[in-house]
2 protein chains.
Amino acid sequence: MASDFDATRKLFHLPDGLIYLDGNSLGPLPLAAVDKVAGMMRDEWGDLLIKGWNAAGWMDFKGLGNRVGRLIGAEPDHVILGDTLSIKVYQALAAGLEMVPERRVILSDTGNFPSDLYMAQGLTGLLKQGYTLKTVAPEDVAGAIDETVAVLMLTQVDYRTGRLHDMASLTRAAHANGAITVWDLAHSAGAIPVDLSGCNADFAVGCTYKYLNGGPGSPAFIYVAPRHADVAKPALSGWLGHEAPFDFDLDYRAHAGIARMRVGTPPVIALKSLEAALDIWDLVEMAEVRARSIELTSLFVDRVEAACPDLTLASPRDPLARGSQVSFAFEHGYAAMQALIARGVIGDFRAPDVMRFGFTPLYTTEKDVLDAVAILAEIMDNRLWDNPEYQTKSAVT
Amino acid sequence: MASDFDATRKLFHLPDGLIYLDGNSLGPLPLAAVDKVAGMMRDEWGDLLIKGWNAAGWMDFKGLGNRVGRLIGAEPDHVILGDTLSIKVYQALAAGLEMVPERRVILSDTGNFPSDLYMAQGLTGLLKQGYTLKTVAPEDVAGAIDETVAVLMLTQVDYRTGRLHDMASLTRAAHANGAITVWDLAHSAGAIPVDLSGCNADFAVGCTYKYLNGGPGSPAFIYVAPRHADVAKPALSGWLGHEAPFDFDLDYRAHAGIARMRVGTPPVIALKSLEAALDIWDLVEMAEVRARSIELTSLFVDRVEAACPDLTLASPRDPLARGSQVSFAFEHGYAAMQALIARGVIGDFRAPDVMRFGFTPLYTTEKDVLDAVAILAEIMDNRLWDNPEYQTKSAVT
C-alpha cells in the first residue's frame, strides 16, 4: 500500500492552532473513536447487556492483538491486549525467570523507563532467594550480558533521548549466554518498524496510548514467541487465561498459546477506543511511517541546530539510531518548554534538562515542524523562557 | 436520605420488554454514561491532549475510591480503583503473605470464585518455598483457621448460591490465629451493606461491573486497612504507586497509604463510565438498598416455591444469610434458563444445575419479580425447557 499521510491526518481531532509534538506520550483522539465507543456503550452494553459477551464478541480480542502484531513484526496470534504495561512487564519477567530457574539476575539499564525497573524490583523483592535486578548504563549492556543473567529486560527506544537499542544483536547476545529477553516497545510500537520474529525475541510488551493513539490509559499488549507460548508459565494466572474459563474449575490450567497471558475480564470500553485507533493504523505501512518520521525528525534537528545554538542535541544524530522523537538538552529546558506550550507547541520535559519532541507521521506535517522551529527560535532569541510564570512545575510534566 | 428507587430506575437504560435479573453479572448502562464518556473523550482527551492529566484530573481518582468506599464501610482514602479484580486479589495476597513471613498457607474455600483460587495458585507456584493454597468446603472454613494460615482469602457472597460468609466472626477468628484476611466483595459491593472498618478487615477487593454498573470490564478496587496502608509491601510496584512517579527515580519507594496499590497508568475512559454509575449510587443508602433487596428476593423465593415445585432453592432461606441473588437448582436448569432468556427474562446458569437471579433495587421492581415468576411458571408447567434449541451451550453463560 502507499500510506497517505494527508488522509490519515484528517482522521484525528487536532485542536486549532496547536502543534502537537507529544504523541510519544499521549496520542490524539481519532475522530471515529467517540462514536465507536458511544455506539458500543449504547448498542452493545445498553441493549445486549450480558449477551454482549457472546453477541458482540467482547471476549475475542485476538483480532486487535493481530493488528498491533503486524506493526511490531509478531507472528499471527501471538499478541494479546489487556491490563497496563507494568502488569505486562511483570508477566513477561516472571515467565522469563521460570524458564532459567538456576539463575537469579534480571539485567537492565539505567535508561529504562523507571516503572519497568520498579516492577522488576517488586518481583525480585517478592521472590527473595537471591533474585536481583542489576542495572548498567545503556552503552554497557552488551558487555554485561553473561551467564549469570536469567532475563535481559530492555526498552528498545530510550524514553528521554530516543536512543535505539539494537534488538537483533542484543537478543543474539542474550541467547548466546542462555538468557531470555523481555523487550519493552512503549516507544517503538507505531514509531519504528519492529521485527520481533526476525530478531528471535522471546517476550515483548508495550502500551497503546502513545504512538498507537488508543486513549489515556488504554490497554497494554504482550507478545510471547511461538516457541514459548505453550510453555511460558503465567504468574498472574487469572480466569481469562484458563484453558476453559467458563467451566469454573477449581484448578488453574493455562490456556494454549498467547491467551494464557490474559488475566481478568477485558476492558471492553477502552478496547473499543483502541479499535478506532487501529482502524487508522490499518491504512499504513510501518516502513513508510518510518521513512516519513526520519524526514520529519531530520528536518527538525537541522533547523533547530541552525536557529537555536544554545540547544544541544540529546538524541543520536544518526536517524537510524533513534526512534521517532528528538530531544534537546538546555539548562532552562523546563521553562523553555512551558514557553513553547504557552505558544501552542506541545512537547514535554524530562529531568534534568531534556526537551522532548515526538514526531508522528500519521498527523504531523512538515509545516508543523517548520512552524514549531520558528516559535522555538523566537523563544530562544528573545530569552522568553526567562519568565517566572514558566518556572512553576505541575504534577504531570 | 430516603432512597427513591423509582427515581434511580429512570437513570438506567433498560431495554423494552426485558426483565433483567443478571445485574449480579453485568449491571445495565446508566443513561448518563454515554454522554459522560463521549464528553471526556472529546473535551478532555481531544482538546486538552496531554494536558488532560493535570487539567482534567485524570490522575486523581481517590474521589471515585471514596465513593465506592462509602458503600463498603471503608475509612476515607483507603480504597483505590484500577486494574482487574484478579490483579487486585494478587496484590492483596502478596502483601498479606509478606506480613506473616513465617507461614506458608493461603486458606480459601471451594465456593470461592475460581479466578481468586487461580491467582493464589499462580502466586504460590511462583514463590515456591513451600507456599500452598488450601481449600475447604465453605462450611468448614471456621474450623480450618489455625496457626499455619498466613492469609484467609474468602469471597463474602458465594457467586453461585448467594450464601454469605460472616465477615466479622471469620476475620476475628483469623486474627486470633495470627492470620491476615483478604475479602473479595465482587458480589457484595452494591448488593449488601459491608462494614470493612467495623469488621476489622485487613484487605478487600472487588469489581465494579456487577452491582455497581460501571460497564463491561470496568476497573476493580482494593481496600487496605489504615493500620496496614503505610506498611503493606506492593508486589506489583508500578510507577503510579511510587512516592513521586514523575521524579523518574530508578528505585521504587512506595507511596504513603493506599496510593501504593496503584500500578500503571489509570484507565481514564473506563473510569469515566464508572463515574456515571457512582453518580447514581451517591443517591442511595446501602441500608435501604438492602431492605428493598430483601423484599424482592423474599418475594421471588416465595412465589417461585409456590408456583414451581420442581425447582429447589439453592440459596439460604434466611435473607440475612444471603446476598442480593437467589439461586434455584433444577436438573434441566440450563435449558430452562435459555427458555427464560428467549422470553425476555435474563438470569444466568452456573454448572451443574444452578439457575441464578440477581435482584438490584436500583432498577428492579416488584412487578419485574412477579412477571418473571409468571414466565418461569409457564415454562415449568408446560416443560418448555424440553426443546432442543435450548440445549446448545454458548461460550459465556
# chains A, B, ... in the order shown; residues from 1 in each chain; ligands from 1

$ residues_around --residues "range 172-180 of chain A" --least-positions-apart "3" --cutoff "7 Å" --atoms "only C-alpha atoms" --output "ChimeraX atom specification"
/A:96,145-147,149-152,168-169,202

$ write_last_selection --atoms "C-alpha atoms" --output "compact mmCIF listing (two decimals), in the first residue's frame"
# COMPACT_ATOMS: atom_id res chain seq x y z
CA GLY A 96 11.18 -15.50 31.81
CA ILE A 145 25.38 -10.00 29.40
CA ASP A 146 26.96 -13.08 30.90
CA GLU A 147 25.98 -16.49 32.18
CA VAL A 149 21.78 -13.30 33.59
CA ALA A 150 18.38 -15.01 33.56
CA VAL A 151 16.44 -12.22 31.84
CA LEU A 152 17.61 -9.23 29.84
CA ALA A 168 18.76 -8.19 16.94
CA SER A 169 22.30 -8.16 18.31
CA ASP A 202 11.31 -14.02 23.48

$ closest_atom_pairs --of "chain B" --to "chain A" --cutoff "7 Å" --atoms "only C-alpha atoms" --output "tab-separated table"
residue	atom	partner	partner_atom	distance
B:His13	CA	A:Gly46	CA	6.1
B:Pro15	CA	A:Asp47	CA	5.9
B:Leu26	CA	A:Ile50	CA	5.8
B:Pro28	CA	A:Gly46	CA	6.3
B:Leu29	CA	A:Gly46	CA	5.1
B:Val34	CA	A:Ala38	CA	5.6
B:Ala38	CA	A:Val34	CA	5.6
B:Met41	CA	A:Val34	CA	6.4
B:Trp45	CA	A:Leu29	CA	6.5
B:Gly46	CA	A:Leu29	CA	5.1
B:Asp47	CA	A:Pro15	CA	5.9
B:Leu49	CA	A:Pro28	CA	6.3
B:Ile50	CA	A:Leu26	CA	5.8
B:Trp53	CA	A:Val396	CA	6.5
B:Asn54	CA	A:Val396	CA	6.3
B:Asp83	CA	A:Asp83	CA	6.2
B:Thr84	CA	A:Gly264	CA	5.6
B:Leu85	CA	A:Gly264	CA	6.7
B:Ser86	CA	A:Gly264	CA	5.5
B:Pro114	CA	A:Leu250	CA	5.4
B:Ser115	CA	A:Trp239	CA	4.7
B:Leu117	CA	A:Leu250	CA	6.8
B:Tyr118	CA	A:Tyr252	CA	5.2
B:Met119	CA	A:Ser237	CA	5.2
B:Gly122	CA	A:Ala235	CA	4.8
B:Leu123	CA	A:Ala235	CA	6.2
B:Leu126	CA	A:Ala235	CA	6.1
B:Leu127	CA	A:Leu127	CA	5.7
B:Pro216	CA	A:Val268	CA	5.7
B:Gly217	CA	A:Pro267	CA	4.2
B:Ser218	CA	A:Pro267	CA	6.1
B:Pro234	CA	A:Gly122	CA	6.8
B:Ala235	CA	A:Gly122	CA	4.8
B:Leu236	CA	A:Gly122	CA	5.9
B:Ser237	CA	A:Met119	CA	5.2
B:Gly238	CA	A:Ser115	CA	5.3
B:Trp239	CA	A:Ser115	CA	4.7
B:Phe246	CA	A:Val396	CA	6.6
B:Phe248	CA	A:Pro114	CA	5.8
B:Asp249	CA	A:Pro114	CA	6.5
B:Leu250	CA	A:Pro114	CA	5.4
B:Asp251	CA	A:Tyr118	CA	6.5
B:Tyr252	CA	A:Tyr118	CA	5.2
B:Val263	CA	A:Ser86	CA	6.8
B:Gly264	CA	A:Ser86	CA	5.5
B:Thr265	CA	A:Gly217	CA	5.3
B:Pro266	CA	A:Gly217	CA	5.1
B:Pro267	CA	A:Gly217	CA	4.2
B:Val268	CA	A:Gly217	CA	5.7
B:Ile269	CA	A:Ala270	CA	6.3
B:Ala270	CA	A:Ala270	CA	6.2
B:Ala395	CA	A:Asn54	CA	6.7
B:Val396	CA	A:Asn54	CA	6.3

$ write_last_selection --atoms "N, CA and C atoms" --output "compact mmCIF listing (two decimals), in the first residue's frame"
# COMPACT_ATOMS: atom_id res chain seq x y z
N HIS B 13 -30.64 2.67 31.25
CA HIS B 13 -31.22 2.19 30.01
C HIS B 13 -31.62 0.73 30.22
N PRO B 15 -33.74 -2.11 28.29
CA PRO B 15 -34.42 -2.37 27.02
C PRO B 15 -35.89 -2.76 27.24
N LEU B 26 -23.46 -8.43 35.07
CA LEU B 26 -23.11 -7.17 34.39
C LEU B 26 -24.25 -6.19 34.58
N PRO B 28 -26.60 -2.78 34.15
CA PRO B 28 -27.03 -2.08 32.93
C PRO B 28 -26.37 -0.71 32.79
N LEU B 29 -26.59 -0.12 31.63
CA LEU B 29 -25.98 1.16 31.27
C LEU B 29 -26.68 2.32 31.99
N VAL B 34 -23.02 7.42 28.57
CA VAL B 34 -22.59 7.61 27.19
C VAL B 34 -22.11 9.03 26.97
N ALA B 38 -18.35 10.18 26.19
CA ALA B 38 -18.13 10.89 24.92
C ALA B 38 -17.60 12.29 25.19
N MET B 41 -13.98 12.10 26.18
CA MET B 41 -13.12 11.82 25.03
C MET B 41 -12.94 13.07 24.17
N TRP B 45 -9.66 14.42 26.38
CA TRP B 45 -8.63 13.82 25.54
C TRP B 45 -8.47 14.65 24.25
N GLY B 46 -9.56 14.91 23.55
CA GLY B 46 -9.49 15.58 22.26
C GLY B 46 -8.87 16.96 22.34
N ASP B 47 -9.38 17.79 23.24
CA ASP B 47 -8.94 19.19 23.26
C ASP B 47 -7.74 19.43 24.17
N LEU B 49 -5.58 17.03 25.28
CA LEU B 49 -4.47 16.11 24.97
C LEU B 49 -3.65 15.86 26.24
N ILE B 50 -2.35 15.92 26.16
CA ILE B 50 -1.51 15.55 27.30
C ILE B 50 -1.81 16.39 28.54
N TRP B 53 -4.01 15.24 31.86
CA TRP B 53 -3.57 14.59 33.10
C TRP B 53 -3.66 15.54 34.29
N ASN B 54 -3.28 16.80 34.06
CA ASN B 54 -3.42 17.78 35.13
C ASN B 54 -4.77 18.49 35.08
N ASP B 83 -6.99 -1.55 37.35
CA ASP B 83 -6.70 -2.95 37.02
C ASP B 83 -7.97 -3.80 37.01
N THR B 84 -7.79 -5.11 37.18
CA THR B 84 -8.92 -6.02 37.25
C THR B 84 -8.94 -6.66 38.64
N LEU B 85 -10.07 -7.28 38.96
CA LEU B 85 -10.21 -7.92 40.26
C LEU B 85 -9.10 -8.95 40.49
N SER B 86 -8.77 -9.73 39.46
CA SER B 86 -7.74 -10.76 39.65
C SER B 86 -6.40 -10.13 40.04
N PRO B 114 -13.47 -19.08 41.02
CA PRO B 114 -12.23 -19.74 40.61
C PRO B 114 -11.05 -18.82 40.35
N SER B 115 -11.29 -17.63 39.78
CA SER B 115 -10.14 -16.78 39.44
C SER B 115 -9.35 -16.41 40.68
N LEU B 117 -8.88 -18.33 43.27
CA LEU B 117 -8.06 -19.52 43.54
C LEU B 117 -6.92 -19.61 42.54
N TYR B 118 -7.22 -19.31 41.28
CA TYR B 118 -6.16 -19.36 40.26
C TYR B 118 -5.03 -18.37 40.57
N MET B 119 -5.43 -17.16 40.98
CA MET B 119 -4.40 -16.15 41.27
C MET B 119 -3.54 -16.62 42.45
N GLY B 122 -1.19 -19.21 41.13
CA GLY B 122 -0.10 -18.58 40.38
C GLY B 122 0.95 -18.00 41.33
N LEU B 123 0.47 -17.37 42.40
CA LEU B 123 1.38 -16.75 43.35
C LEU B 123 2.19 -17.80 44.12
N LEU B 126 4.75 -19.38 41.91
CA LEU B 126 5.89 -18.50 41.65
C LEU B 126 6.83 -18.46 42.85
N LEU B 127 6.23 -18.37 44.05
CA LEU B 127 7.03 -18.22 45.26
C LEU B 127 7.78 -19.48 45.64
N PRO B 216 -18.85 -3.16 31.05
CA PRO B 216 -18.10 -4.40 30.86
C PRO B 216 -16.59 -4.21 31.05
N GLY B 217 -16.04 -4.92 32.01
CA GLY B 217 -14.60 -4.84 32.27
C GLY B 217 -14.17 -3.57 32.97
N SER B 218 -15.08 -2.88 33.64
CA SER B 218 -14.69 -1.63 34.31
C SER B 218 -13.73 -1.95 35.46
N PRO B 234 4.00 -3.55 48.25
CA PRO B 234 3.41 -3.84 46.93
C PRO B 234 4.29 -4.80 46.13
N ALA B 235 3.74 -5.93 45.74
CA ALA B 235 4.46 -6.83 44.84
C ALA B 235 4.43 -6.28 43.42
N LEU B 236 3.31 -5.68 43.06
CA LEU B 236 3.16 -5.09 41.73
C LEU B 236 3.46 -3.60 41.87
N SER B 237 4.76 -3.30 41.94
CA SER B 237 5.23 -1.97 42.32
C SER B 237 5.42 -1.09 41.10
N GLY B 238 4.32 -0.69 40.50
CA GLY B 238 4.38 0.16 39.31
C GLY B 238 4.55 1.63 39.65
N TRP B 239 4.83 2.40 38.62
CA TRP B 239 5.21 3.80 38.85
C TRP B 239 4.11 4.64 39.47
N PHE B 246 6.65 11.14 39.04
CA PHE B 246 7.19 11.97 37.96
C PHE B 246 8.61 12.46 38.24
N PHE B 248 10.85 10.11 38.22
CA PHE B 248 11.53 9.10 37.39
C PHE B 248 12.81 8.59 38.05
N ASP B 249 12.76 8.40 39.37
CA ASP B 249 13.88 7.76 40.07
C ASP B 249 14.05 6.33 39.58
N LEU B 250 15.24 5.80 39.76
CA LEU B 250 15.46 4.41 39.35
C LEU B 250 15.03 3.41 40.41
N ASP B 251 14.86 3.88 41.65
CA ASP B 251 14.48 2.95 42.71
C ASP B 251 13.05 3.19 43.19
N TYR B 252 12.36 2.10 43.40
CA TYR B 252 10.98 2.18 43.85
C TYR B 252 10.91 2.54 45.34
N VAL B 263 -0.87 0.72 40.12
CA VAL B 263 0.22 0.05 39.40
C VAL B 263 0.62 0.91 38.19
N GLY B 264 -0.14 0.79 37.11
CA GLY B 264 0.21 1.51 35.88
C GLY B 264 -0.70 2.71 35.66
N THR B 265 -0.61 3.25 34.47
CA THR B 265 -1.39 4.42 34.07
C THR B 265 -2.90 4.13 34.20
N PRO B 266 -3.65 5.03 34.81
CA PRO B 266 -5.07 4.74 35.05
C PRO B 266 -5.89 4.66 33.76
N PRO B 267 -6.89 3.79 33.74
CA PRO B 267 -7.76 3.62 32.57
C PRO B 267 -8.82 4.71 32.56
N VAL B 268 -8.47 5.86 32.01
CA VAL B 268 -9.29 7.07 32.17
C VAL B 268 -10.69 6.93 31.58
N ILE B 269 -10.77 6.36 30.38
CA ILE B 269 -12.08 6.27 29.72
C ILE B 269 -13.02 5.38 30.53
N ALA B 270 -12.51 4.24 30.97
CA ALA B 270 -13.34 3.32 31.75
C ALA B 270 -13.74 3.93 33.08
N ALA B 395 -20.42 -19.71 24.61
CA ALA B 395 -19.13 -19.54 25.29
C ALA B 395 -19.30 -18.93 26.67
N VAL B 396 -20.06 -17.86 26.75
CA VAL B 396 -20.28 -17.19 28.02
C VAL B 396 -21.70 -17.47 28.46

$ residues_around --residues "Arg163 in chain B" --least-positions-apart "2" --cutoff "9 Å" --atoms "only C-alpha atoms" --output "list in words"
Gln156, Val157, Asp158, Tyr159, Arg160, Thr161, His165, Ser315, Pro316, Ala321, Arg322 and Gly323 of chain B

$ atom_distance --atom1 "CA of Ala336 in chain B" --atom2 "CA of Thr365 in chain B"
22.5 Å

$ select_by_dssp --residues "range 147-321 of chain B" --states "alpha helix (DSSP H)" --output "PyMOL selection string"
chain B and resi 167-176+196-199+226-229+268-281+286-307

$ closest_residue --among "A:Gly143, A:Pro193, A:Gly358, A:Gly130" --to "Val345 in chain A" --atoms "only C-alpha atoms"
A:Gly358

$ residues_around --residues "range 288-304 of chain A" --least-positions-apart "3" --cutoff "10 Å" --atoms "only C-alpha atoms" --output "MDAnalysis selection string"
chainID A and resid 1:5 190:193 284:285 307:313 315 317:320 322:328 357:362 364:370 372:374 376:377

$ select_by_dssp --residues "range 76-315 of chain B" --states "strand (DSSP E)" --output "compact mmCIF listing (two decimals) with N, CA and C atoms, in the first residue's frame"
# COMPACT_ATOMS: atom_id res chain seq x y z
N VAL B 79 -9.53 3.32 49.69
CA VAL B 79 -9.94 2.49 48.54
C VAL B 79 -9.41 3.15 47.28
N ILE B 80 -8.89 2.34 46.38
CA ILE B 80 -8.38 2.90 45.12
C ILE B 80 -8.82 2.00 43.98
N LEU B 81 -9.05 2.60 42.80
CA LEU B 81 -9.56 1.86 41.66
C LEU B 81 -8.48 1.61 40.63
N GLY B 82 -8.62 0.53 39.88
CA GLY B 82 -7.69 0.26 38.78
C GLY B 82 -7.57 -1.21 38.51
N VAL B 105 0.64 -20.90 54.27
CA VAL B 105 -0.66 -21.37 53.78
C VAL B 105 -1.61 -20.21 53.49
N ILE B 106 -2.19 -20.22 52.27
CA ILE B 106 -3.36 -19.40 51.97
C ILE B 106 -4.56 -20.33 52.12
N LEU B 107 -5.51 -19.94 52.97
CA LEU B 107 -6.71 -20.76 53.17
C LEU B 107 -7.87 -20.12 52.42
N SER B 108 -8.59 -20.93 51.65
CA SER B 108 -9.80 -20.43 50.98
C SER B 108 -10.83 -21.54 50.96
N ASP B 109 -11.92 -21.32 50.23
CA ASP B 109 -12.95 -22.37 50.19
C ASP B 109 -13.32 -22.70 48.75
N THR B 132 1.52 -22.66 49.71
CA THR B 132 0.47 -23.51 49.19
C THR B 132 -0.91 -22.90 49.42
N LEU B 133 -1.83 -23.25 48.54
CA LEU B 133 -3.23 -22.86 48.70
C LEU B 133 -3.99 -24.06 49.23
N LYS B 134 -4.71 -23.86 50.33
CA LYS B 134 -5.53 -24.94 50.90
C LYS B 134 -7.00 -24.53 50.77
N THR B 135 -7.82 -25.39 50.19
CA THR B 135 -9.25 -25.06 50.11
C THR B 135 -10.06 -26.09 50.88
N VAL B 136 -11.07 -25.61 51.57
CA VAL B 136 -12.00 -26.48 52.29
C VAL B 136 -13.42 -26.10 51.86
N VAL B 149 -2.03 -20.82 59.04
CA VAL B 149 -2.62 -19.98 57.99
C VAL B 149 -1.99 -18.58 58.00
N ALA B 150 -1.42 -18.20 56.87
CA ALA B 150 -0.91 -16.84 56.73
C ALA B 150 -2.03 -15.89 56.32
N VAL B 151 -2.77 -16.29 55.28
CA VAL B 151 -3.82 -15.43 54.73
C VAL B 151 -5.10 -16.24 54.55
N LEU B 152 -6.19 -15.69 55.05
CA LEU B 152 -7.51 -16.26 54.80
C LEU B 152 -8.14 -15.44 53.67
N MET B 153 -8.37 -16.09 52.53
CA MET B 153 -8.92 -15.40 51.35
C MET B 153 -10.31 -15.94 51.06
N LEU B 154 -11.31 -15.10 51.21
CA LEU B 154 -12.69 -15.55 51.01
C LEU B 154 -13.47 -14.54 50.19
N THR B 155 -14.39 -15.06 49.37
CA THR B 155 -15.39 -14.19 48.76
C THR B 155 -16.60 -14.20 49.68
N ILE B 180 -3.94 -12.98 58.30
CA ILE B 180 -4.42 -11.77 57.61
C ILE B 180 -5.61 -12.16 56.72
N THR B 181 -6.59 -11.26 56.59
CA THR B 181 -7.76 -11.57 55.77
C THR B 181 -7.78 -10.78 54.47
N VAL B 182 -8.18 -11.48 53.40
CA VAL B 182 -8.43 -10.84 52.10
C VAL B 182 -9.87 -11.17 51.71
N TRP B 183 -10.72 -10.15 51.69
CA TRP B 183 -12.13 -10.35 51.37
C TRP B 183 -12.42 -9.89 49.95
N ASP B 184 -13.00 -10.79 49.17
CA ASP B 184 -13.44 -10.45 47.82
C ASP B 184 -14.91 -10.02 47.91
N PHE B 203 -7.57 -6.61 54.13
CA PHE B 203 -7.60 -6.24 52.71
C PHE B 203 -8.97 -6.62 52.15
N ALA B 204 -9.44 -5.85 51.18
CA ALA B 204 -10.65 -6.23 50.45
C ALA B 204 -10.48 -5.79 49.01
N VAL B 205 -11.12 -6.52 48.13
CA VAL B 205 -11.05 -6.25 46.69
C VAL B 205 -12.43 -6.47 46.10
N GLY B 206 -12.65 -5.95 44.91
CA GLY B 206 -13.93 -6.19 44.27
C GLY B 206 -13.95 -5.62 42.87
N ALA B 220 -11.33 -2.49 38.81
CA ALA B 220 -11.55 -3.11 40.10
C ALA B 220 -11.17 -2.14 41.22
N PHE B 221 -11.41 -2.57 42.46
CA PHE B 221 -10.98 -1.75 43.59
C PHE B 221 -10.25 -2.59 44.61
N ILE B 222 -9.44 -1.91 45.41
CA ILE B 222 -8.77 -2.56 46.53
C ILE B 222 -8.84 -1.65 47.74
N TYR B 223 -9.05 -2.29 48.90
CA TYR B 223 -9.06 -1.61 50.19
C TYR B 223 -7.92 -2.17 51.02
N VAL B 224 -7.20 -1.29 51.69
CA VAL B 224 -6.19 -1.71 52.66
C VAL B 224 -6.50 -0.99 53.97
N THR B 312 -35.62 -26.31 43.28
CA THR B 312 -35.19 -26.42 44.67
C THR B 312 -34.34 -25.21 45.03
N LEU B 313 -34.72 -24.53 46.07
CA LEU B 313 -33.97 -23.35 46.49
C LEU B 313 -32.51 -23.74 46.78

$ atom_distance --atom1 "CA of Asp166 in chain A" --atom2 "CA of Pro138 in chain A"
11.1 Å
